[in-house]
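J.: Take this structure first; my questions come after.
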Amino acid sequence: MSESALKDRPEFDLDNQGEQKYCSFLRSLPDRQENCIRLFERSSGDFYSVHGEDAYFVAQHVYKTTSVIKYLGGDVTTGVPSCTLSRTTCETFLRDALLNQQMRVEIWAAEPRKQNVWGIIKRASPGNMQDMEDLLFVHTDMAASPIVMAVKAHIGGDHRTVGVCFADATVRELGIAEFIDNDLYSNFESLVIQLGVKECLIQADEGQKDYELAKLRAILQHCDVVITERKKSEFSVKDVEQDFNRLLEEEISIAALPEFELKNAMAASACVIKYLALLTDETNFGQYTLRSHDLSQYMKLDASAVRALNLMPGPQDGANKSMSLYGLLNKCKTAQGGRMLGQWLKQPLLDVATIERRQTMVEAFALDAELRQSLQETHLKMIPDLHRLAKRFQRGVASLQDVVRVYQVVVRLPGLVSALASCETGSLEHKEILESEFTAYFQEYSNNLQRLQDLVETTIDLDAVDRHEYLIKAEFDQSLKALRAKMETVKDNMEKEQMRVSDDLNMEMDKKLKMEDHQVHGWSFRLSRNDSSCLRNKSSYIELATQKNGVLFTTTKMRTASQSFREASQEYEQTQSSLAKEVIGIVSTYCPVLEKLNTLVAQLDVLVSFAHVSVHAPLPFVKPRMSAMGTGDVILKESRHPCLEAQDDVAFIPNDVSLIRGQTEFLIITGPNMGGKSTYIRQIGVIALMAQTGCFVPCSEATLCVFDCILARVGAGDSQMKGVSTFMAEMLETASILKSATKNSLIVIDELGRGTSTYDGFGLAWAISEHLATEIKCFCLFATHFHELTSLGETAPYVGNLHVTAHVGDGTENNGDNKSREITLLYKVVEGVCDQSFGIHVAELAQFPDSVVQLAKRKAMELEDFSTHHSTVTPASSSLSPTAVAVEASLKSGQAAALHKRAKVEDVELALSSYTHLKP
């Protein structure tokens, strides 16, 4: 940590007695919630302090050193570890704690008249930042809306009914949904992903082990959602009807709406309303909207698919934004555009007409470079976050500066309309769609906001805005006009007095004799210390203070004028304040229009961003041809992974894709490690998702069908804290795929079964592959090192085999040295089967010791001989293939195989179901 940073850190303002009392108070505090940090406001919010474990956390994460720790009330062993944060540093820390670290925060403050009595003044969590919005986002825009959700599940027979309520307090919206789910709650997981939930309220166990609640918790943890337990009583629907009637803007009673019949969703709503304390703020009354979320309206994504496709940025990305799909596509110029992009990526569309409509608009912006650049650099770049502005007006904390910011948006709308109307793509379709989707609405909102523009131009001094002053025009009100005239008269008298003093002291006005408004002494004169000697022995001049920059003095006449000016200024401020409140109140009535305008701006920003990325990619993206769900094929020419090709020094090798109904629905991809299998299967998932969000795709030509969900099993890690091994994590993800997949799904599976023994892994891989290929019959890409799996095409229809190519030298190229054979990975996917994995070759590339490599080769050959020997022990009655015989023979030879080639997928589900009940 730099010395300057340490010097800027505020110091505690406590004497010894105050320190002891404060430490006693800190030790008496009750236990806090899990993952919660407490900050203590000092000097009316000028700086903050943290103590105990929180002080160590801040020292490590903010200051990167423990040298900032001070021990209050004692030494290292007896004192309370403490450190301080300036207001600016605290704002940065809070944003990181709530948005990235997913912590809860409490801010404590002393009562004004009782300095030793402290209480909580603000609380915040990842899904509820209302108390701290002004502190968090005063110098930065909100990257994503904090969504808090409550869930209530009911088990009736074999059915699980899940009811949820979610709230976005930034836009005053409550959403509900109720649906039937399976025993793995895969629909609930998809909903959490679609909404981008930050925090979920769930019923506390209250001493009884509830396996269904445990399953829900496991899903929320898998999705990195903060879990907050609430009492069972908070899910009571007793008062929910009257609560909704007070909050909703509609005049009709909630009891008359069909949503009121969703009892589980209503129970969840009661919990959300209580948790956010919506009824304690009267400004919420009649301001909330209610909407039903239809889970089937968007493509389903689970947490595994989001991770596999690198959809959202992760901590491992660092400063490289193009590592994630969101980072790559986010060329938005507004905060609301960035938020909507994240929402669109998690909610790909299912309706072909809507998808094509978006793609046509992207095409219009891609073809017209002048329009695209004008929108990004001239118009969108200048539009602030209207959601946040509207929220300030709704909460009654807006100022004249906020009024001016709204005005500046309104006056830019005609230019935005003209730019959109000047689209020069030459296509009538493009002009018509931009007119219907954007131009007409922007023109309508511009007309609706015309009176707001007239109000601001009539009441606010726009010339003063250039000086960063926000004032009501003096001409607007007679009393203001009279006060302004009085102030100007007094100011003229002060300038005349300055001229008289200048002549009397023989000091040049403004260069040597300066007149200024001092914070304490009011309007007075100032001379430098060297020039102040002229004041000696002159009783008509009254010295006020001696400072570094000179000597302040005044005269009797100047003192009287200063007092008059101050009185007039105060009266002017009071009169202006009441008028400003009236203006702000009128502007606040335009909030509904501003909200609609904000949504339109966000949509435009995302579509222009799509066009920008599509045009400026290393190879331009193309508009895909789409077919409805259940029809059409996936045919991609020269497809690429959009994130990988955007990396520096990467020459990406494109590959074709052909998934054809009734021919190649299930593709098995084999080949060497690092050969590009994972990239190939992931890029197909990414391309399908991009197409259904309305974006162009990284291909030279693309034909795609609509998928109802993308399910992925790509890479799994241990989670020892949750008691889940690598293999069990893999099996749980696969079980979710088997439960959720339909014939219209796209499944991406990478290296299934490698977390257990070879025989168990192969048996599971075969059973699952056969089930997907013959029962579900959806498009699936399966990358594997089980080369025996390629024989699945002999018994299961519509299975195709692909492999990634590699060139292996003959070992004689390096001066006849037979020590090793070089492997060159070609990253090209071609038809056919690869009969080896080249794992030992890769070990050689990693510069393994030669003795280890030779031993590995010898053992691999021994195992191959062992497998071949036992595969000959085949009962005459067996109808299994040689590959399956090897598996069955291994059972007889004492090898523990869970399943063989003919194993049924029901056996896998049964085993996983048993585990889920025992250890969620």
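By order in the structure tokens, chains are A, B, ...; within a chain, residues start at 1; ligands start at 1, following the order shown.
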Do a neighbour search on A:Leu746 at 12 Å with only C-alpha atoms, toss out local chain neighbours closer than 2 positions, and write the hits as a ChimeraX atom specification.

T.: /A:299-301,305,629-630,633-634,659,665-667,681-682,684-689,704-713,737,740-744,748-749,772,776-782

J.: Include N, CA and C atoms and write out the residues we just selected as a tab-separated table (two decimals), in the first residue's frame.

T.:
chain	number	residue	atom	x	y	z
A	299	MET	N	-36.00	-19.54	-23.75
A	299	MET	CA	-35.17	-20.74	-23.69
A	299	MET	C	-34.73	-21.00	-22.25
A	300	LYS	N	-34.74	-22.27	-21.85
A	300	LYS	CA	-34.30	-22.62	-20.50
A	300	LYS	C	-32.79	-22.83	-20.49
A	301	LEU	N	-32.17	-22.28	-19.48
A	301	LEU	CA	-30.73	-22.46	-19.26
A	301	LEU	C	-30.52	-22.82	-17.81
A	305	ALA	N	-25.05	-24.77	-17.96
A	305	ALA	CA	-24.98	-24.23	-19.32
A	305	ALA	C	-24.42	-22.82	-19.32
A	629	MET	N	-39.37	-24.17	-33.81
A	629	MET	CA	-39.02	-25.29	-32.94
A	629	MET	C	-39.61	-26.59	-33.46
A	630	GLY	N	-38.80	-27.63	-33.45
A	630	GLY	CA	-39.27	-28.93	-33.92
A	630	GLY	C	-39.10	-29.16	-35.40
A	633	ASP	N	-32.93	-27.96	-39.41
A	633	ASP	CA	-31.67	-28.57	-38.99
A	633	ASP	C	-30.70	-27.48	-38.53
A	634	VAL	N	-29.52	-27.92	-38.09
A	634	VAL	CA	-28.44	-27.00	-37.73
A	634	VAL	C	-27.31	-27.24	-38.72
A	659	LEU	N	-26.03	-30.94	-38.11
A	659	LEU	CA	-26.97	-31.71	-37.28
A	659	LEU	C	-28.28	-31.79	-38.06
A	665	GLU	N	-28.39	-36.73	-35.65
A	665	GLU	CA	-28.94	-35.97	-34.52
A	665	GLU	C	-28.00	-36.04	-33.31
A	666	PHE	N	-27.26	-37.13	-33.21
A	666	PHE	CA	-26.37	-37.36	-32.07
A	666	PHE	C	-24.95	-37.52	-32.61
A	667	LEU	N	-24.09	-36.56	-32.29
A	667	LEU	CA	-22.72	-36.59	-32.80
A	667	LEU	C	-21.74	-36.93	-31.68
A	681	ILE	N	-17.81	-28.20	-29.49
A	681	ILE	CA	-19.18	-28.42	-29.01
A	681	ILE	C	-19.72	-27.19	-28.30
A	682	ARG	N	-18.85	-26.44	-27.61
A	682	ARG	CA	-19.32	-25.24	-26.92
A	682	ARG	C	-19.72	-24.15	-27.93
A	684	ILE	N	-21.01	-24.37	-30.75
A	684	ILE	CA	-22.34	-24.62	-31.32
A	684	ILE	C	-23.42	-24.14	-30.36
A	685	GLY	N	-23.23	-24.41	-29.07
A	685	GLY	CA	-24.17	-23.90	-28.07
A	685	GLY	C	-24.21	-22.39	-28.03
A	686	VAL	N	-23.03	-21.76	-28.10
A	686	VAL	CA	-22.95	-20.30	-28.08
A	686	VAL	C	-23.64	-19.70	-29.30
A	687	ILE	N	-23.41	-20.30	-30.47
A	687	ILE	CA	-24.01	-19.80	-31.71
A	687	ILE	C	-25.53	-19.92	-31.65
A	688	ALA	N	-26.05	-21.06	-31.13
A	688	ALA	CA	-27.50	-21.23	-31.02
A	688	ALA	C	-28.09	-20.18	-30.09
A	689	LEU	N	-27.42	-19.91	-28.98
A	689	LEU	CA	-27.93	-18.91	-28.03
A	689	LEU	C	-27.88	-17.51	-28.63
A	704	LEU	N	-30.32	-22.47	-38.58
A	704	LEU	CA	-30.55	-22.96	-37.23
A	704	LEU	C	-32.02	-23.16	-36.97
A	705	CYS	N	-32.33	-24.09	-36.06
A	705	CYS	CA	-33.70	-24.24	-35.57
A	705	CYS	C	-33.75	-23.69	-34.16
A	706	VAL	N	-34.95	-23.44	-33.66
A	706	VAL	CA	-35.13	-22.91	-32.32
A	706	VAL	C	-35.09	-24.06	-31.31
A	707	PHE	N	-34.29	-23.89	-30.26
A	707	PHE	CA	-34.19	-24.88	-29.19
A	707	PHE	C	-34.95	-24.37	-27.97
A	708	ASP	N	-35.64	-25.30	-27.28
A	708	ASP	CA	-36.35	-24.89	-26.06
A	708	ASP	C	-35.41	-24.76	-24.87
A	709	CYS	N	-34.26	-25.45	-24.92
A	709	CYS	CA	-33.28	-25.30	-23.85
A	709	CYS	C	-31.92	-25.77	-24.34
A	710	ILE	N	-30.89	-25.24	-23.72
A	710	ILE	CA	-29.53	-25.73	-23.92
A	710	ILE	C	-29.07	-26.31	-22.60
A	711	LEU	N	-28.71	-27.58	-22.62
A	711	LEU	CA	-28.28	-28.28	-21.40
A	711	LEU	C	-26.84	-28.70	-21.60
A	712	ALA	N	-26.02	-28.51	-20.58
A	712	ALA	CA	-24.59	-28.77	-20.73
A	712	ALA	C	-24.03	-29.54	-19.54
A	713	ARG	N	-23.09	-30.40	-19.85
A	713	ARG	CA	-22.30	-31.09	-18.83
A	713	ARG	C	-20.86	-30.95	-19.29
A	737	ILE	N	-30.05	-33.15	-16.81
A	737	ILE	CA	-30.24	-33.20	-18.27
A	737	ILE	C	-31.26	-34.27	-18.64
A	740	SER	N	-34.72	-33.03	-17.78
A	740	SER	CA	-35.20	-31.79	-18.38
A	740	SER	C	-35.29	-31.83	-19.90
A	741	ALA	N	-34.49	-32.65	-20.53
A	741	ALA	CA	-34.37	-32.60	-21.99
A	741	ALA	C	-35.65	-33.04	-22.68
A	742	THR	N	-35.92	-32.39	-23.81
A	742	THR	CA	-37.01	-32.78	-24.70
A	742	THR	C	-36.42	-32.99	-26.10
A	743	LYS	N	-37.23	-33.39	-27.02
A	743	LYS	CA	-36.73	-33.62	-28.38
A	743	LYS	C	-36.31	-32.31	-29.06
A	744	ASN	N	-36.69	-31.17	-28.47
A	744	ASN	CA	-36.34	-29.87	-29.05
A	744	ASN	C	-35.16	-29.22	-28.33
A	748	VAL	N	-25.08	-30.53	-24.77
A	748	VAL	CA	-23.63	-30.49	-24.96
A	748	VAL	C	-22.99	-31.23	-23.79
A	749	ILE	N	-22.30	-32.34	-24.08
A	749	ILE	CA	-21.69	-33.15	-23.04
A	749	ILE	C	-20.21	-33.34	-23.36
A	772	LEU	N	-30.36	-40.86	-24.67
A	772	LEU	CA	-30.55	-39.59	-25.38
A	772	LEU	C	-30.81	-39.82	-26.86
A	776	ILE	N	-35.00	-39.78	-26.07
A	776	ILE	CA	-35.28	-38.34	-26.15
A	776	ILE	C	-35.18	-37.86	-27.59
A	777	LYS	N	-34.20	-38.32	-28.32
A	777	LYS	CA	-34.03	-38.03	-29.75
A	777	LYS	C	-33.88	-36.53	-30.03
A	778	CYS	N	-33.01	-35.89	-29.27
A	778	CYS	CA	-32.74	-34.47	-29.49
A	778	CYS	C	-31.36	-34.32	-30.10
A	779	PHE	N	-31.05	-33.11	-30.53
A	779	PHE	CA	-29.70	-32.84	-31.04
A	779	PHE	C	-28.73	-32.86	-29.86
A	780	CYS	N	-27.65	-33.63	-30.01
A	780	CYS	CA	-26.69	-33.77	-28.91
A	780	CYS	C	-25.28	-33.85	-29.47
A	781	LEU	N	-24.35	-33.20	-28.78
A	781	LEU	CA	-22.92	-33.26	-29.12
A	781	LEU	C	-22.20	-33.87	-27.92
A	782	PHE	N	-21.49	-34.97	-28.14
A	782	PHE	CA	-20.91	-35.74	-27.05
A	782	PHE	C	-19.42	-35.92	-27.34

J.: Would you give me, as a PyMOL selection string, the residues in stretch 368-495 of chain A that DSSP reads as alpha helix (DSSP H)?

T.: chain A and resi 369-374+386-394+400-421+428-434+440-448+450-459+462-465+478-495

J.: With distances taken over only C-alpha atoms, which residue among A:Lys238, A:Arg661, A:Arg405, A:His803 lies nearest A:Asn673?

T.: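 Closest candidate: A:His803.
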
J.: Leaving out A:Val622 and any residue of its chain fewer than 5 positions from it, which residues lie within 7 Å of it when counting only C-alpha atoms, given as a VMD selection string?

T.: chain A and resid 696 to 701

J.: Can I get the selection written as an mmCIF file, in the first residue's frame, with N, CA and C atoms?

T.:
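again.cif was written with the following content:
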data_model
loop_
_atom_site.group_PDB
_atom_site.id
_atom_site.type_symbol
_atom_site.label_atom_id
_atom_site.label_comp_id
_atom_site.auth_asym_id
_atom_site.auth_seq_id
_atom_site.Cartn_x
_atom_site.Cartn_y
_atom_site.Cartn_z
ATOM 1 N N PHE A 696 -26.353 -11.653 -34.777
ATOM 2 C CA PHE A 696 -25.708 -12.387 -35.860
ATOM 3 C C PHE A 696 -24.751 -13.416 -35.244
ATOM 4 N N VAL A 697 -24.264 -14.363 -36.060
ATOM 5 C CA VAL A 697 -23.458 -15.460 -35.529
ATOM 6 C C VAL A 697 -22.136 -15.573 -36.298
ATOM 7 N N PRO A 698 -21.092 -16.095 -35.633
ATOM 8 C CA PRO A 698 -19.762 -16.199 -36.253
ATOM 9 C C PRO A 698 -19.646 -17.396 -37.199
ATOM 10 N N CYS A 699 -20.188 -17.268 -38.373
ATOM 11 C CA CYS A 699 -20.124 -18.286 -39.422
ATOM 12 C C CYS A 699 -20.068 -17.570 -40.764
ATOM 13 N N SER A 700 -19.753 -18.316 -41.820
ATOM 14 C CA SER A 700 -19.878 -17.744 -43.151
ATOM 15 C C SER A 700 -21.286 -17.952 -43.687
ATOM 16 N N GLU A 701 -21.990 -18.960 -43.125
ATOM 17 C CA GLU A 701 -23.375 -19.236 -43.481
ATOM 18 C C GLU A 701 -23.983 -20.059 -42.360
#

J.: Would you mind listing what lies within 8 Å of stretch 170-173 of chain A as an MDAnalysis selection string, with only C-alpha atoms counted and same-chain residues fewer than 2 positions away left out?

T.: chainID A and resid 130 145:146 167:168 175 284 287:291 387:388 391

J.: For A:His159, list every protein, DNA or RNA residue within 12 Å, evaluated using only C-alpha atoms, and leave out those in the same chain fewer than 6 positions away; present the list as JSON, numbers by chain.

T.: {"A": [153, 179, 180, 181, 182, 183, 184, 185]}

J.: Those same residues, written as an mmCIF file, in the first residue's frame with N, CA and C atoms?

T.:
data_model
loop_
_atom_site.group_PDB
_atom_site.id
_atom_site.type_symbol
_atom_site.label_atom_id
_atom_site.label_comp_id
_atom_site.auth_asym_id
_atom_site.auth_seq_id
_atom_site.Cartn_x
_atom_site.Cartn_y
_atom_site.Cartn_z
ATOM 1 N N ALA A 153 -42.469 -24.104 -2.070
ATOM 2 C CA ALA A 153 -42.750 -25.351 -2.786
ATOM 3 C C ALA A 153 -43.773 -26.170 -2.011
ATOM 4 N N PHE A 179 -45.516 -23.064 -11.108
ATOM 5 C CA PHE A 179 -45.376 -24.100 -12.122
ATOM 6 C C PHE A 179 -45.120 -25.452 -11.461
ATOM 7 N N ILE A 180 -45.343 -26.506 -12.250
ATOM 8 C CA ILE A 180 -45.052 -27.868 -11.821
ATOM 9 C C ILE A 180 -43.593 -28.170 -12.135
ATOM 10 N N ASP A 181 -42.906 -28.814 -11.200
ATOM 11 C CA ASP A 181 -41.499 -29.117 -11.398
ATOM 12 C C ASP A 181 -41.224 -30.585 -11.129
ATOM 13 N N ASN A 182 -40.034 -31.044 -11.590
ATOM 14 C CA ASN A 182 -39.637 -32.426 -11.325
ATOM 15 C C ASN A 182 -38.885 -32.512 -9.997
ATOM 16 N N ASP A 183 -38.444 -33.712 -9.641
ATOM 17 C CA ASP A 183 -37.824 -33.885 -8.329
ATOM 18 C C ASP A 183 -36.444 -33.258 -8.236
ATOM 19 N N LEU A 184 -35.864 -32.826 -9.364
ATOM 20 C CA LEU A 184 -34.581 -32.120 -9.345
ATOM 21 C C LEU A 184 -34.761 -30.608 -9.452
ATOM 22 N N TYR A 185 -35.996 -30.144 -9.544
ATOM 23 C CA TYR A 185 -36.315 -28.712 -9.606
ATOM 24 C C TYR A 185 -35.561 -28.009 -10.742
#
